[in-house]
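Chemist: After the structure tokens below, expect a handful of questions from me.
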Amino acid sequence: MEPSVNVKRKHRKKERDLNYSHYLHPRWWPTWLGVGMMWLMARLPLGLQWRLGKLVGELAWRFIPQRRHITEVNIRACFPELSESEQQALVRKTFHSNGIGMMELGQAWFRDPADFEDITAINGLEHLN
């Protein structure tokens, strides 16, 4: 007989439901479609992924003006020494980098790290031993 342990939970009111079948409901289909798209994109050649990521960033820069405004305000506050055109170029480059980052997220989730050994160099490994 195991001793009874009274564990005080801070945030969770009930036990976690480990039955994930409710994620098959049509409500979750757009999420699964997005995950599937990320899986497919992760299978593309790396250079193509970067170009697609840059395109995603460009589309976000053009069609999400609220986020562009927030980025412009932040860049202006962080880099007041840059000219207006340099700040705008940095804003655009930030969106491009975020789009590429989205593509790299798919690689991190769905690709085998061994796929990147030929383009990866580790410096300073001796400091970790």
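Following the order of the structure tokens, first chain is A, next is B, and so on, with residues numbered from 1 inside each chain and ligands from 1 in the order they appear.
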Quick check for you: according to DSSP on this backbone, which residues of chain A are classed as alpha helix (DSSP H)? Reply as a ChimeraX atom specification.
Modeler: /A:29-42,46-63,65-78,84-110
Chemist: So which residues touch A:Leu105 within 12 Å, counting only C-alpha atoms, skipping near sequence neighbours fewer than 3 positions away, as a list in words?
Modeler: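 The contact residues come out as Val35, Met38, Trp39, Met41, Ala42, Gln49, Trp50, Gly53, Asn98, Gly99, Ile100, Gly101, Met102, Ala108, Trp109, Phe110 and Arg111 of chain A.
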Chemist: Give me a file of those residues, with N, CA and C atoms, as a short mmCIF file (atom, residue, chain, number, x, y, z; two decimals), in the first residue's frame.
Modeler:
```
data_model
loop_
_atom_site.label_atom_id
_atom_site.label_comp_id
_atom_site.auth_asym_id
_atom_site.auth_seq_id
_atom_site.Cartn_x
_atom_site.Cartn_y
_atom_site.Cartn_z
N VAL A 35 -0.02 22.63 -39.05
CA VAL A 35 1.07 21.73 -38.67
C VAL A 35 1.52 20.91 -39.87
N MET A 38 3.61 23.06 -42.12
CA MET A 38 4.97 23.20 -41.58
C MET A 38 5.79 21.94 -41.85
N TRP A 39 5.16 20.77 -41.70
CA TRP A 39 5.86 19.51 -41.96
C TRP A 39 6.32 19.45 -43.41
N MET A 41 6.77 22.04 -45.51
CA MET A 41 7.78 23.07 -45.76
C MET A 41 9.14 22.63 -45.22
N ALA A 42 9.15 21.90 -44.13
CA ALA A 42 10.42 21.44 -43.55
C ALA A 42 11.13 20.44 -44.45
N GLN A 49 13.44 27.14 -48.59
CA GLN A 49 12.75 27.50 -47.35
C GLN A 49 13.07 28.94 -46.96
N TRP A 50 14.31 29.33 -47.09
CA TRP A 50 14.68 30.70 -46.73
C TRP A 50 14.00 31.71 -47.65
N GLY A 53 10.44 31.84 -46.63
CA GLY A 53 10.34 32.56 -45.36
C GLY A 53 10.44 34.06 -45.57
N ASN A 98 11.88 37.27 -39.44
CA ASN A 98 10.84 36.53 -38.72
C ASN A 98 10.19 35.47 -39.61
N GLY A 99 9.99 35.77 -40.87
CA GLY A 99 9.44 34.78 -41.80
C GLY A 99 10.38 33.59 -41.96
N ILE A 100 11.67 33.88 -42.09
CA ILE A 100 12.67 32.81 -42.18
C ILE A 100 12.67 32.01 -40.89
N GLY A 101 12.52 32.70 -39.76
CA GLY A 101 12.47 32.01 -38.47
C GLY A 101 11.29 31.06 -38.37
N MET A 102 10.17 31.42 -38.97
CA MET A 102 9.02 30.52 -38.99
C MET A 102 9.35 29.24 -39.74
N ALA A 108 13.15 22.65 -36.95
CA ALA A 108 13.47 22.22 -35.60
C ALA A 108 12.48 21.17 -35.11
N TRP A 109 11.24 21.29 -35.46
CA TRP A 109 10.23 20.34 -35.00
C TRP A 109 10.26 19.02 -35.77
N PHE A 110 10.48 19.09 -37.09
CA PHE A 110 10.21 17.93 -37.93
C PHE A 110 11.42 17.32 -38.64
N ARG A 111 12.57 17.93 -38.58
CA ARG A 111 13.73 17.39 -39.29
C ARG A 111 14.69 16.72 -38.33
#
```
Chemist: Work out how far atom CA of A:Trp32 is from atom CA of A:Phe116, in Å to one decimal.
Modeler: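 Those two atoms sit 26.1 Å apart.
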Chemist: For a test of reading the model, state the distance in Å between atom CA of A:Gln88 and atom CA of A:Phe63, rounded to one decimal.
Modeler: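 Computed distance, atom CA of A:Gln88 to atom CA of A:Phe63, equals 15.7 Å.
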Chemist: Which polymer residues have any atom within 12 Å of an atom of A:Cys78, counting only C-alpha atoms, with same-chain residues fewer than 6 positions away left out, as a list in words?
Modeler: Thr71, Glu72, Gln87, Leu90 and Val91 of chain A
Chemist: Between A:His96, A:Leu128, A:Pro26, A:Gln107, which one has atoms that come closest to A:Leu52, using only C-alpha atoms?
Modeler: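 Among the listed residues, A:His96 lies closest to A:Leu52.
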Chemist: Just to confirm, what's the straight-line distance from atom CA of A:Leu59 to atom CA of A:Ser97 in Å (one decimal)?
Modeler: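 For atom CA of A:Leu59 relative to atom CA of A:Ser97, the distance reads 12.4 Å.
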